[in-house]
There are 2 protein chains.
Amino acid sequence: MESRTPAQGSSPADEARGRPLLDLALEAIWHSEGMSRADLSRRLEVSRSTASELVGDLLDTGLVAEGGDGPSRGGRRPILLKFQDRAHVILGLDMGATHVAVALTDLRGRILAWREEAHPVRSDPEGTRALMIRLCDTVLEEVHGSASSLLGIGIAVASPVDHLDPLRLSETVLPAWRGRSGFEALQKRYRVPVFVDNDANLGALAEGWWGAGRGVKHFTFIKLATGIGAGHMFGGQIYRGATNVAGEIGHISIDPHGDQCLCGNRGCLVTFIGGEALVHRAQAMLADEAGSLLADGPITPGRIEEAALLRDPVAMQLVREVAHHLGVAIAGLLNLLNPEAVILGGSMARLKDDLLIPLRETVVRRTLVSSVAAAEIRVSELGPQGIALGAATLVLSSALSSPTLFPGMQNLVAGRP
Amino acid sequence: MESRTPAQGSSPADEARGRPLLDLALEAIWHSEGMSRADLSRRLEVSRSTASELVGDLLDTGLVAEGGDGPSRGGRRPILLKFQDRAHVILGLDMGATHVAVALTDLRGRILAWREEAHPVRSDPEGTRALMIRLCDTVLEEVHGSASSLLGIGIAVASPVDHLDPLRLSETVLPAWRGRSGFEALQKRYRVPVFVDNDANLGALAEGWWGAGRGVKHFTFIKLATGIGAGHMFGGQIYRGATNVAGEIGHISIDPHGDQCLCGNRGCLVTFIGGEALVHRAQAMLADEAGSLLADGPITPGRIEEAALLRDPVAMQLVREVAHHLGVAIAGLLNLLNPEAVILGGSMARLKDDLLIPLRETVVRRTLVSSVAAAEIRVSELGPQGIALGAATLVLSSALSSPTLFPGMQNLVAGRP
DNA sequence: ACACTTTGTTCGCCTACCGAACAAAGTTCC
DNA sequence: GGAACTTTGTTCGGTAGGCGAACAAAGTGT
């Protein structure tokens with residue numbers, strides 16, 4: 001079974017000695033849209049002759065193809081090389097607390113098929129595993145013939161993931177699963193590597209590759225949901241901390257005299273703006289003021305977001321309160337880590353400026369150095385599909401940084417005839 | 001003028017392609033004490049023949065020498081290779097708010113000579129620069145003949161440092177310096193590269209190389225002084241954030257109803273345990289209770305530390321309060337970053353368990369995941385010399401990771417006869 | 001004394017990469 | 001429209017960094 005860290009042949013010495021030229025060439029072509037052999041030669045700082053030879057090898061793999069001539073730069077027109085985004089597909093699974101979602105993507109993060117279904121994940125491991133397989137089969141059938149070119153499966157789980165044994169799940173967060181994910185079944189069924197990581201980390205990864213974090217070196221993604229989780233992207237890499245549980249921003253205390261939290265701390269962020277806290281607060285506010293859209297029917301975080309979008313006064317007051325409390329926590333984050341940006345995802349993200357403007361105000365009032373206050377605070381661009389997309393991106397990023405995962409590249413590195 | 005980032009020939013392509021074998025060999029020999037050519041071959045995963053040739057080159061530089069035979073492992077006895085720690089010396093300067101300190105070290109972080117002098121650094125740029133040169137001359141003379149083998153100068157400043165222009169100083173923190181450090185004069189006088197970084201970062205670097213952070217991948221160093229600063233070491237590298245001001249832990253709010261801070265925030269950590277806050281709190285406590293060692297004479301953080309060491313009840317009560325407030329901030333840090341360890345330096349560090357025990361208690365009560373609570377909290381092992389030692393270490397680490405900084409290595413990389 | 005290990009050197013080989021040269025295909029300027 | 005110049009992409013010999021095999025030197029274990 002494959003772990004998230006590519007196990008094969010990655011010795012400490014190899015890491016320091018750098019990656020083979022062929023890998024770098026593939027990655028460079030992926031990043032640029034339509035680069036010539038001469039461009040590649042300049043990019044990798046190799047001679048045009050070697051660039052030419054590298055391209056020859058890559059053409060054989062099918063991952064790269066020639067795609068017509070580009071504009072002349074004063075001489076012969078270059079032959080553009082295009083990464084073949086459709087050479088493979090990737091399955092990205094989002095296993096939340098109460099739903100399962102599956103995205104089938106190409107190698108450019110485009111979602112070719114999508115399925116989402118509500119399910120009591122926490123209490124029903126067997127049913128969840130069956131559902132995951134059913135959804136995977138569905139999307140693979142929908143995009144005809146894609147099963148044969150499946151590159152890998154990425155899975156986002158709403159629980160900490162052990163770096164050394166990513167197929168185990170936290171027994172405290174998901175007791176009914178008893179630590180065993182059973183994801184090996186997916187690996188056996190589809191005969192491809194399986195990668196697992198925490199959902200906030202993968203939300204961050206997706207935003208960094210395709211969303212609000214493109215081109216941003218250091219940022220933190222905060223997922224607002226029942227719980228509050230964060231994923232850090234430092235220098236293009238997910239930062240996981242010592243034991244892979246970095247990002248528990250929900251349990252930062254923002255008021256030592258606040259309510260007791262399950263974690264033992266007082267005044268955790270989650271006791272102010274977690275899903276349950278929001279519902280309680282809404283109920284309390286409705287007791288004072290009637291005439292809210294929230295008055296009829298059960299109150300859920302989703303309905304609060306809906307109501308705020310419709311400019312319901314109670315819901316908007318709640319959003320302002322969320323903005324304030326979150327602002328205190330983010331101010332601390334900025335002072336401590338000085339990221340370039342903070343990206344908000346999950347519920348509330350659709351509110352955009354209604355959330356961001358009061359949030360920014362709190363942050364600016366509460367940060368010292370001007371450059372810290374200049375950090376951008378944005379909302380997710382990917383919405384609810386972001387987590388599953390991030391799971392697929394985990395596979396893609398692994399493959400691009402160590403292309404032996406691509407079936408066509410294995411012949412080249414091992415020993416060619 | 002050299003910046004902290006080695007400017008010479010470091011193109012993006014070079015970085016990805018990895019460092020030359022010769023550099024890796026030098027670093028490997030530095031790290032091990034007495035490794036053979038065969039060991040090196042295994043470590044770098046190259047053949048014994050190449051390892052042998054690499055060693056031949058390194059012997060020529062004078063940075064490595066053969067140091068007798070090692071114990072047999074069942075065959076011929078290996079010839080041990082020893083890094084020549086005395087081949088060069090390094091100057092490490094610590095420019096605090098009210099003092100200047102200089103350490104002359106060898107290539108193993110041993111302090112060969114040390115000078116420290118109080119000086120109103122903030123208000124007197126000219127005098128500070130003259131003092132720095134005087135102290136440098138003194139320590140270079142004391143270790144006779146070392147001036148000729150000076151490798152470089154590292155400087156720790158108690159102000160944020162711009163990554164792109166490390167010779168500029170923050171105008172807000174040190175207005176009298178008007179942004180100009182004038183450190184170019186040191187470079188001209190001693191004809192060696194000068195490296196500059198923030199003092200908390202360099203404290204972290206020193207602890208990571210020589211002190212309480214040896215072998216710890218991810219940790220945060222917190223310097224308690226007039227202000228509270230932190231430096232993060234992630235994976236052996238100083239983490240600086242987007243604009244080089246990561247680590248402003250002093251301005252994390254731990255109580256939104258607390259006192260107003262200069263930064264605009266309320267209830268910042270410094271308003272509880274910064275140098276001035278400590279003095280005020282001590283004065284207030286003395287009004288209630290007499291008979292303290294602190295009653296006679298001016299109250300300073302240093303005297304509070306002294307009194308606590310002598311088990312003065314007022315001072316010890318203050319320490320417990322510091323431990324509690326710091327614990328709240330550290331709990332947040334652990335939840336957010338999940339480091340392996342937190343290392344405390346500056347004043348109070350000498351108190352060890354008197355500080356650590358109540359601190360750990362607060363942290364454990366306030367962190368969710370068990371592995372987060374398992375993070376080690378320690379005090380600095382290097383004491384007041386740590387910052388200057390870190391400045392010297394900045395030079396050493398740069399030289400080891402890009403050995404062209406060593407005079408003897410330049411002939412080899414360029415083009416040998 | 002013998003077999004077996006480990007170290008370190010030598011030497012020929014292989015291959016990834018380079019530079020020079022060249023053809024093909026454009027552009028610019030007169 | 002043609003000459004001069006550019007840029008691209010290929011070919012081809014050269015080079016040097018690293019490898020493996022072989023070997024001598026110096027150990028250990030039985």
# chains A, B, ... in the order shown; residues from 1 in each chain; ligands from 1

$ interface_residues --of "chain B" --to "chain D" --cutoff "12 Å" --atoms "only C-alpha atoms (C1' of nucleotides)" --output "PyMOL selection string"
chain B and resi 20-22+45-54+69-79

$ select_by_dssp --residues "range 166-249 of chain A" --states "strand (DSSP E or B)" --output "MDAnalysis selection string"
chainID A and resid 168 180 194:198 218:224 228:234 237:239

$ interface_residues --of "chain B" --to "chain A" --cutoff "6 Å" --atoms "only C-alpha atoms" --output "list in words"
Ala13, Ala16, Arg17, Gly18, Arg19, Leu44, Gly241, Ala242, Ala246, Gly247, Glu248, Ile249, Ile252, Asp255, Cys263, Gly264, Asn265, Gly332, Asn335, Leu336, Leu337, Asn338, Pro339, Glu340, Arg365, Arg366 and Leu368 of chain B

$ write_last_selection --atoms "C-alpha atoms" --output "PDB file, in the first residue's frame"
ATOM      1  CA  ALA B  13      16.823  25.795 -11.882  1.00  0.00           C
ATOM      2  CA  ALA B  16      15.807  22.210  -7.999  1.00  0.00           C
ATOM      3  CA  ARG B  17      18.729  20.352  -9.469  1.00  0.00           C
ATOM      4  CA  GLY B  18      20.342  19.954  -6.112  1.00  0.00           C
ATOM      5  CA  ARG B  19      23.693  20.736  -4.716  1.00  0.00           C
ATOM      6  CA  LEU B  44      25.876  10.031  -0.055  1.00  0.00           C
ATOM      7  CA  GLY B 241       6.950  34.310   6.832  1.00  0.00           C
ATOM      8  CA  ALA B 242       5.923  36.376   3.888  1.00  0.00           C
ATOM      9  CA  ALA B 246       6.895  36.010  11.584  1.00  0.00           C
ATOM     10  CA  GLY B 247       7.148  35.453  15.303  1.00  0.00           C
ATOM     11  CA  GLU B 248       5.521  38.552  16.790  1.00  0.00           C
ATOM     12  CA  ILE B 249       4.088  36.391  19.511  1.00  0.00           C
ATOM     13  CA  ILE B 252      -1.071  37.862  20.328  1.00  0.00           C
ATOM     14  CA  ASP B 255      -7.626  38.579  26.625  1.00  0.00           C
ATOM     15  CA  CYS B 263      -0.042  47.953  18.746  1.00  0.00           C
ATOM     16  CA  GLY B 264      -3.735  48.799  18.866  1.00  0.00           C
ATOM     17  CA  ASN B 265      -4.797  45.414  20.085  1.00  0.00           C
ATOM     18  CA  GLY B 332      -2.567  28.514  21.031  1.00  0.00           C
ATOM     19  CA  ASN B 335      -2.800  24.040  18.486  1.00  0.00           C
ATOM     20  CA  LEU B 336      -1.920  26.089  15.462  1.00  0.00           C
ATOM     21  CA  LEU B 337       1.538  24.804  14.595  1.00  0.00           C
ATOM     22  CA  ASN B 338       2.047  21.495  16.379  1.00  0.00           C
ATOM     23  CA  PRO B 339       5.782  21.941  16.955  1.00  0.00           C
ATOM     24  CA  GLU B 340       7.864  19.269  18.615  1.00  0.00           C
ATOM     25  CA  ARG B 365      -5.180  22.005  30.521  1.00  0.00           C
ATOM     26  CA  ARG B 366      -5.595  24.038  27.358  1.00  0.00           C
ATOM     27  CA  LEU B 368      -6.953  19.336  22.678  1.00  0.00           C
TER      28      LEU B 368
END

$ interface_residues --of "chain C" --to "chain B" --cutoff "6 Å" --atoms "only C-alpha atoms (C1' of nucleotides)" --output "list in words"
DT5, DT6 and DT7 of chain C

$ write_last_selection --atoms "all heavy atoms" --output "PDB file, in the first residue's frame"
ATOM      1  P    DT C   5      32.323 -12.791   3.839  1.00  0.00           P
ATOM      2  OP1  DT C   5      30.925 -13.189   3.901  1.00  0.00           O
ATOM      3  OP2  DT C   5      32.989 -12.586   2.517  1.00  0.00           O
ATOM      4  O5'  DT C   5      32.492 -11.459   4.700  1.00  0.00           O
ATOM      5  C5'  DT C   5      33.762 -11.171   5.210  1.00  0.00           C
ATOM      6  C4'  DT C   5      33.699  -9.959   6.116  1.00  0.00           C
ATOM      7  O4'  DT C   5      35.064  -9.639   6.424  1.00  0.00           O
ATOM      8  C3'  DT C   5      33.133  -8.724   5.431  1.00  0.00           C
ATOM      9  O3'  DT C   5      32.603  -7.839   6.393  1.00  0.00           O
ATOM     10  C2'  DT C   5      34.339  -8.136   4.733  1.00  0.00           C
ATOM     11  C1'  DT C   5      35.500  -8.541   5.652  1.00  0.00           C
ATOM     12  N1   DT C   5      36.697  -8.995   4.846  1.00  0.00           N
ATOM     13  C2   DT C   5      37.893  -8.383   5.085  1.00  0.00           C
ATOM     14  O2   DT C   5      38.060  -7.523   5.924  1.00  0.00           O
ATOM     15  N3   DT C   5      38.924  -8.831   4.300  1.00  0.00           N
ATOM     16  C4   DT C   5      38.865  -9.806   3.319  1.00  0.00           C
ATOM     17  O4   DT C   5      39.866 -10.124   2.682  1.00  0.00           O
ATOM     18  C5   DT C   5      37.571 -10.396   3.128  1.00  0.00           C
ATOM     19  C7   DT C   5      37.399 -11.460   2.095  1.00  0.00           C
ATOM     20  C6   DT C   5      36.550  -9.963   3.892  1.00  0.00           C
ATOM     21  P    DT C   6      31.698  -6.607   5.887  1.00  0.00           P
ATOM     22  OP1  DT C   6      30.726  -6.345   6.966  1.00  0.00           O
ATOM     23  OP2  DT C   6      31.258  -6.877   4.513  1.00  0.00           O
ATOM     24  O5'  DT C   6      32.735  -5.401   5.830  1.00  0.00           O
ATOM     25  C5'  DT C   6      33.375  -4.985   7.013  1.00  0.00           C
ATOM     26  C4'  DT C   6      34.554  -4.097   6.669  1.00  0.00           C
ATOM     27  O4'  DT C   6      35.546  -4.877   5.971  1.00  0.00           O
ATOM     28  C3'  DT C   6      34.214  -2.922   5.730  1.00  0.00           C
ATOM     29  O3'  DT C   6      34.422  -1.707   6.423  1.00  0.00           O
ATOM     30  C2'  DT C   6      35.175  -3.083   4.551  1.00  0.00           C
ATOM     31  C1'  DT C   6      36.239  -4.002   5.119  1.00  0.00           C
ATOM     32  N1   DT C   6      36.912  -4.838   4.081  1.00  0.00           N
ATOM     33  C2   DT C   6      38.271  -4.701   3.906  1.00  0.00           C
ATOM     34  O2   DT C   6      38.954  -3.938   4.547  1.00  0.00           O
ATOM     35  N3   DT C   6      38.802  -5.508   2.922  1.00  0.00           N
ATOM     36  C4   DT C   6      38.117  -6.411   2.123  1.00  0.00           C
ATOM     37  O4   DT C   6      38.705  -7.075   1.277  1.00  0.00           O
ATOM     38  C5   DT C   6      36.710  -6.495   2.363  1.00  0.00           C
ATOM     39  C7   DT C   6      35.868  -7.433   1.547  1.00  0.00           C
ATOM     40  C6   DT C   6      36.170  -5.714   3.319  1.00  0.00           C
ATOM     41  P    DT C   7      34.165  -0.344   5.680  1.00  0.00           P
ATOM     42  OP1  DT C   7      33.749   0.607   6.718  1.00  0.00           O
ATOM     43  OP2  DT C   7      33.344  -0.582   4.489  1.00  0.00           O
ATOM     44  O5'  DT C   7      35.624   0.049   5.180  1.00  0.00           O
ATOM     45  C5'  DT C   7      36.665   0.232   6.115  1.00  0.00           C
ATOM     46  C4'  DT C   7      37.954   0.527   5.367  1.00  0.00           C
ATOM     47  O4'  DT C   7      38.282  -0.598   4.524  1.00  0.00           O
ATOM     48  C3'  DT C   7      37.908   1.740   4.449  1.00  0.00           C
ATOM     49  O3'  DT C   7      38.906   2.658   4.839  1.00  0.00           O
ATOM     50  C2'  DT C   7      38.128   1.192   3.054  1.00  0.00           C
ATOM     51  C1'  DT C   7      38.847  -0.126   3.331  1.00  0.00           C
ATOM     52  N1   DT C   7      38.624  -1.189   2.303  1.00  0.00           N
ATOM     53  C2   DT C   7      39.705  -1.636   1.577  1.00  0.00           C
ATOM     54  O2   DT C   7      40.834  -1.207   1.711  1.00  0.00           O
ATOM     55  N3   DT C   7      39.408  -2.625   0.667  1.00  0.00           N
ATOM     56  C4   DT C   7      38.169  -3.191   0.426  1.00  0.00           C
ATOM     57  O4   DT C   7      38.035  -4.070  -0.419  1.00  0.00           O
ATOM     58  C5   DT C   7      37.087  -2.666   1.218  1.00  0.00           C
ATOM     59  C7   DT C   7      35.707  -3.210   1.027  1.00  0.00           C
ATOM     60  C6   DT C   7      37.358  -1.702   2.117  1.00  0.00           C
TER      61       DT C   7
END

$ residues_around --residues "Arg191 in chain B" --least-positions-apart "2" --cutoff "10 Å" --atoms "only C-alpha atoms (C1' of nucleotides)" --output "ChimeraX atom specification"
/B:150-153,184-189,193-194

$ atom_distance --atom1 "CA of Pro407 in chain B" --atom2 "CA of Val55 in chain B"
17.1 Å

$ atom_distance --atom1 "CA of Asp106 in chain B" --atom2 "CA of Asp197 in chain B"
19.8 Å

$ residues_around --residues "Asp60 in chain A" --least-positions-apart "4" --cutoff "10 Å" --atoms "only C-alpha atoms (C1' of nucleotides)" --output "NGL selection string"
:A and (55-56 or 64-65 or 408-409 or 412)

$ write_last_selection --atoms "N, CA and C atoms" --output "PDB file, in the first residue's frame"
ATOM      1  N   VAL A  55      12.654  16.264 -24.394  1.00  0.00           N
ATOM      2  CA  VAL A  55      11.319  16.338 -24.985  1.00  0.00           C
ATOM      3  C   VAL A  55      11.021  15.061 -25.770  1.00  0.00           C
ATOM      4  N   GLY A  56      12.028  14.573 -26.467  1.00  0.00           N
ATOM      5  CA  GLY A  56      11.826  13.327 -27.195  1.00  0.00           C
ATOM      6  C   GLY A  56      11.344  12.216 -26.281  1.00  0.00           C
ATOM      7  N   VAL A  64       3.051  14.425 -22.895  1.00  0.00           N
ATOM      8  CA  VAL A  64       3.321  15.693 -23.575  1.00  0.00           C
ATOM      9  C   VAL A  64       3.144  15.448 -25.062  1.00  0.00           C
ATOM     10  N   ALA A  65       2.609  16.459 -25.761  1.00  0.00           N
ATOM     11  CA  ALA A  65       2.471  16.335 -27.209  1.00  0.00           C
ATOM     12  C   ALA A  65       2.783  17.671 -27.859  1.00  0.00           C
ATOM     13  N   GLY A 408       3.575   5.907 -17.762  1.00  0.00           N
ATOM     14  CA  GLY A 408       4.460   6.060 -18.912  1.00  0.00           C
ATOM     15  C   GLY A 408       5.887   6.425 -18.563  1.00  0.00           C
ATOM     16  N   MET A 409       6.092   6.884 -17.332  1.00  0.00           N
ATOM     17  CA  MET A 409       7.431   7.358 -16.981  1.00  0.00           C
ATOM     18  C   MET A 409       8.280   6.274 -16.346  1.00  0.00           C
ATOM     19  N   LEU A 412      11.116   4.829 -18.441  1.00  0.00           N
ATOM     20  CA  LEU A 412      12.232   5.714 -18.724  1.00  0.00           C
ATOM     21  C   LEU A 412      13.237   5.750 -17.592  1.00  0.00           C
TER      22      LEU A 412
END

$ residues_around --residues "Arg86 in chain B" --least-positions-apart "5" --cutoff "9 Å" --atoms "only C-alpha atoms (C1' of nucleotides)" --output "list in words"
Leu63, Asp106, Leu107 and Arg108 of chain B

$ atom_distance --atom1 "CA of Glu276 in chain A" --atom2 "CA of Val379 in chain A"
21.9 Å

$ residues_around --residues "Val395 in chain A" --least-positions-apart "4" --cutoff "12 Å" --atoms "only C-alpha atoms (C1' of nucleotides)" --output "PyMOL selection string"
chain A and resi 2-6+88-93+104-109+150-156+192-197+202+205-206+388-391+399-403+405-406

$ select_by_dssp --residues "range 139-350 of chain B" --states "helix (DSSP H, G or I)" --output "VMD selection string"
chain B and resid 139 to 142 147 to 149 175 to 177 184 to 190 199 to 210 249 to 251 269 to 273 275 to 288 301 to 309 313 to 337 349 to 350

$ residues_around --residues "Met316 in chain A" --least-positions-apart "2" --cutoff "10 Å" --atoms "only C-alpha atoms (C1' of nucleotides)" --output "list of chain:residue names"
A:Ile304, A:Glu305, A:Ala307, A:Ala308, A:Leu309, A:Leu310, A:Arg311, A:Asp312, A:Pro313, A:Val314, A:Leu318, A:Val319, A:Arg320, A:Glu321, A:Val322, A:Leu351, A:Asp354, A:Leu355

$ write_last_selection --atoms "all heavy atoms" --output "CSV table (one decimal), in the first residue's frame"
chain,number,residue,atom,x,y,z
A,304,ILE,N,-28.4,29.6,8.4
A,304,ILE,CA,-27.9,30.9,8.8
A,304,ILE,C,-27.3,31.6,7.6
A,304,ILE,O,-27.5,32.8,7.4
A,304,ILE,CB,-27.0,30.8,10.0
A,304,ILE,CG1,-27.8,30.3,11.2
A,304,ILE,CG2,-26.4,32.2,10.3
A,304,ILE,CD1,-26.9,30.0,12.4
A,305,GLU,N,-26.4,30.9,6.9
A,305,GLU,CA,-25.7,31.4,5.8
A,305,GLU,C,-26.8,31.9,4.7
A,305,GLU,O,-26.7,33.0,4.2
A,305,GLU,CB,-24.8,30.4,5.2
A,305,GLU,CG,-23.9,30.9,4.1
A,305,GLU,CD,-23.0,29.8,3.4
A,305,GLU,OE1,-23.4,28.7,3.6
A,305,GLU,OE2,-22.1,30.2,2.7
A,307,ALA,N,-29.9,32.7,5.2
A,307,ALA,CA,-30.6,33.9,5.6
A,307,ALA,C,-29.8,35.2,5.5
A,307,ALA,O,-30.3,36.3,5.2
A,307,ALA,CB,-31.0,33.7,7.1
A,308,ALA,N,-28.5,35.0,5.8
A,308,ALA,CA,-27.6,36.2,5.7
A,308,ALA,C,-27.5,36.7,4.3
A,308,ALA,O,-27.5,37.9,4.0
A,308,ALA,CB,-26.2,35.9,6.3
A,309,LEU,N,-27.5,35.7,3.4
A,309,LEU,CA,-27.4,36.1,2.0
A,309,LEU,C,-28.7,36.9,1.6
A,309,LEU,O,-28.7,37.8,0.7
A,309,LEU,CB,-27.3,34.9,1.1
A,309,LEU,CG,-25.9,34.3,1.0
A,309,LEU,CD1,-26.0,32.9,0.3
A,309,LEU,CD2,-25.0,35.2,0.2
A,310,LEU,N,-29.8,36.6,2.3
A,310,LEU,CA,-31.1,37.3,2.0
A,310,LEU,C,-31.2,38.5,2.9
A,310,LEU,O,-32.3,39.1,3.0
A,310,LEU,CB,-32.2,36.3,2.2
A,310,LEU,CG,-32.3,35.1,1.3
A,310,LEU,CD1,-33.3,34.1,1.7
A,310,LEU,CD2,-32.5,35.6,-0.2
A,311,ARG,N,-30.1,38.9,3.6
A,311,ARG,CA,-30.0,40.1,4.4
A,311,ARG,C,-31.0,40.0,5.6
A,311,ARG,O,-31.5,41.1,6.0
A,311,ARG,CB,-30.2,41.3,3.5
A,311,ARG,CG,-29.5,41.3,2.2
A,311,ARG,CD,-29.0,42.6,1.7
A,311,ARG,NE,-27.8,43.0,2.4
A,311,ARG,CZ,-26.7,42.4,2.4
A,311,ARG,NH1,-26.5,41.3,1.7
A,311,ARG,NH2,-25.6,42.9,3.1
A,312,ASP,N,-31.2,38.9,6.1
A,312,ASP,CA,-31.9,38.8,7.4
A,312,ASP,C,-31.1,39.4,8.5
A,312,ASP,O,-30.0,39.1,8.7
A,312,ASP,CB,-32.2,37.3,7.7
A,312,ASP,CG,-32.9,37.1,9.0
A,312,ASP,OD1,-34.1,37.3,9.1
A,312,ASP,OD2,-32.2,36.8,10.0
A,313,PRO,N,-31.8,40.3,9.3
A,313,PRO,CA,-31.0,41.1,10.3
A,313,PRO,C,-30.4,40.2,11.3
A,313,PRO,O,-29.2,40.5,11.7
A,313,PRO,CB,-32.0,42.1,10.8
A,313,PRO,CG,-33.3,41.6,10.4
A,313,PRO,CD,-33.2,40.8,9.2
A,314,VAL,N,-31.1,39.2,11.8
A,314,VAL,CA,-30.5,38.4,12.9
A,314,VAL,C,-29.3,37.6,12.3
A,314,VAL,O,-28.2,37.6,13.0
A,314,VAL,CB,-31.6,37.4,13.4
A,314,VAL,CG1,-30.9,36.4,14.3
A,314,VAL,CG2,-32.7,38.1,14.1
A,318,LEU,N,-25.3,37.9,13.4
A,318,LEU,CA,-24.5,36.7,13.7
A,318,LEU,C,-23.2,36.7,12.9
A,318,LEU,O,-22.1,36.4,13.4
A,318,LEU,CB,-25.2,35.4,13.4
A,318,LEU,CG,-26.0,34.7,14.5
A,318,LEU,CD1,-26.9,33.6,14.0
A,318,LEU,CD2,-24.9,34.2,15.5
A,319,VAL,N,-23.3,37.0,11.6
A,319,VAL,CA,-22.1,37.1,10.8
A,319,VAL,C,-21.1,38.1,11.3
A,319,VAL,O,-19.9,37.9,11.3
A,319,VAL,CB,-22.5,37.4,9.3
A,319,VAL,CG1,-21.2,37.7,8.5
A,319,VAL,CG2,-23.3,36.2,8.7
A,320,ARG,N,-21.6,39.3,11.7
A,320,ARG,CA,-20.7,40.3,12.3
A,320,ARG,C,-20.0,39.7,13.5
A,320,ARG,O,-18.8,40.0,13.7
A,320,ARG,CB,-21.5,41.5,12.6
A,320,ARG,CG,-21.7,42.4,11.3
A,320,ARG,CD,-22.2,43.8,11.7
A,320,ARG,NE,-23.6,43.7,12.3
A,320,ARG,CZ,-24.7,43.8,11.6
A,320,ARG,NH1,-24.7,43.9,10.3
A,320,ARG,NH2,-25.9,43.7,12.2
A,321,GLU,N,-20.7,39.0,14.3
A,321,GLU,CA,-20.1,38.5,15.5
A,321,GLU,C,-19.0,37.4,15.1
A,321,GLU,O,-17.9,37.4,15.7
A,321,GLU,CB,-21.1,37.8,16.4
A,321,GLU,CG,-22.1,38.8,17.0
A,321,GLU,CD,-23.1,38.2,18.0
A,321,GLU,OE1,-22.9,37.0,18.4
A,321,GLU,OE2,-24.1,38.8,18.3
A,322,VAL,N,-19.4,36.6,14.2
A,322,VAL,CA,-18.4,35.6,13.7
A,322,VAL,C,-17.1,36.4,13.2
A,322,VAL,O,-16.0,36.0,13.6
A,322,VAL,CB,-18.9,34.7,12.6
A,322,VAL,CG1,-17.8,34.0,11.9
A,322,VAL,CG2,-20.0,33.8,13.1
A,351,LEU,N,-20.6,34.5,1.8
A,351,LEU,CA,-21.0,35.8,2.1
A,351,LEU,C,-20.1,36.9,1.7
A,351,LEU,O,-20.4,38.1,1.7
A,351,LEU,CB,-21.2,35.9,3.7
A,351,LEU,CG,-22.4,35.0,4.2
A,351,LEU,CD1,-22.3,35.0,5.7
A,351,LEU,CD2,-23.7,35.6,3.7
A,354,ASP,N,-19.7,40.7,3.2
A,354,ASP,CA,-20.4,40.8,4.4
A,354,ASP,C,-19.6,40.2,5.6
A,354,ASP,O,-19.8,40.7,6.7
A,354,ASP,CB,-21.8,40.1,4.3
A,354,ASP,CG,-22.7,40.9,3.4
A,354,ASP,OD1,-22.5,42.1,3.2
A,354,ASP,OD2,-23.6,40.3,2.8
A,355,LEU,N,-18.8,39.2,5.3
A,355,LEU,CA,-18.0,38.6,6.3
A,355,LEU,C,-16.6,39.3,6.4
A,355,LEU,O,-16.1,39.7,7.4
A,355,LEU,CB,-17.8,37.1,6.0
A,355,LEU,CG,-16.8,36.4,6.9
A,355,LEU,CD1,-17.4,36.3,8.3
A,355,LEU,CD2,-16.6,35.0,6.4
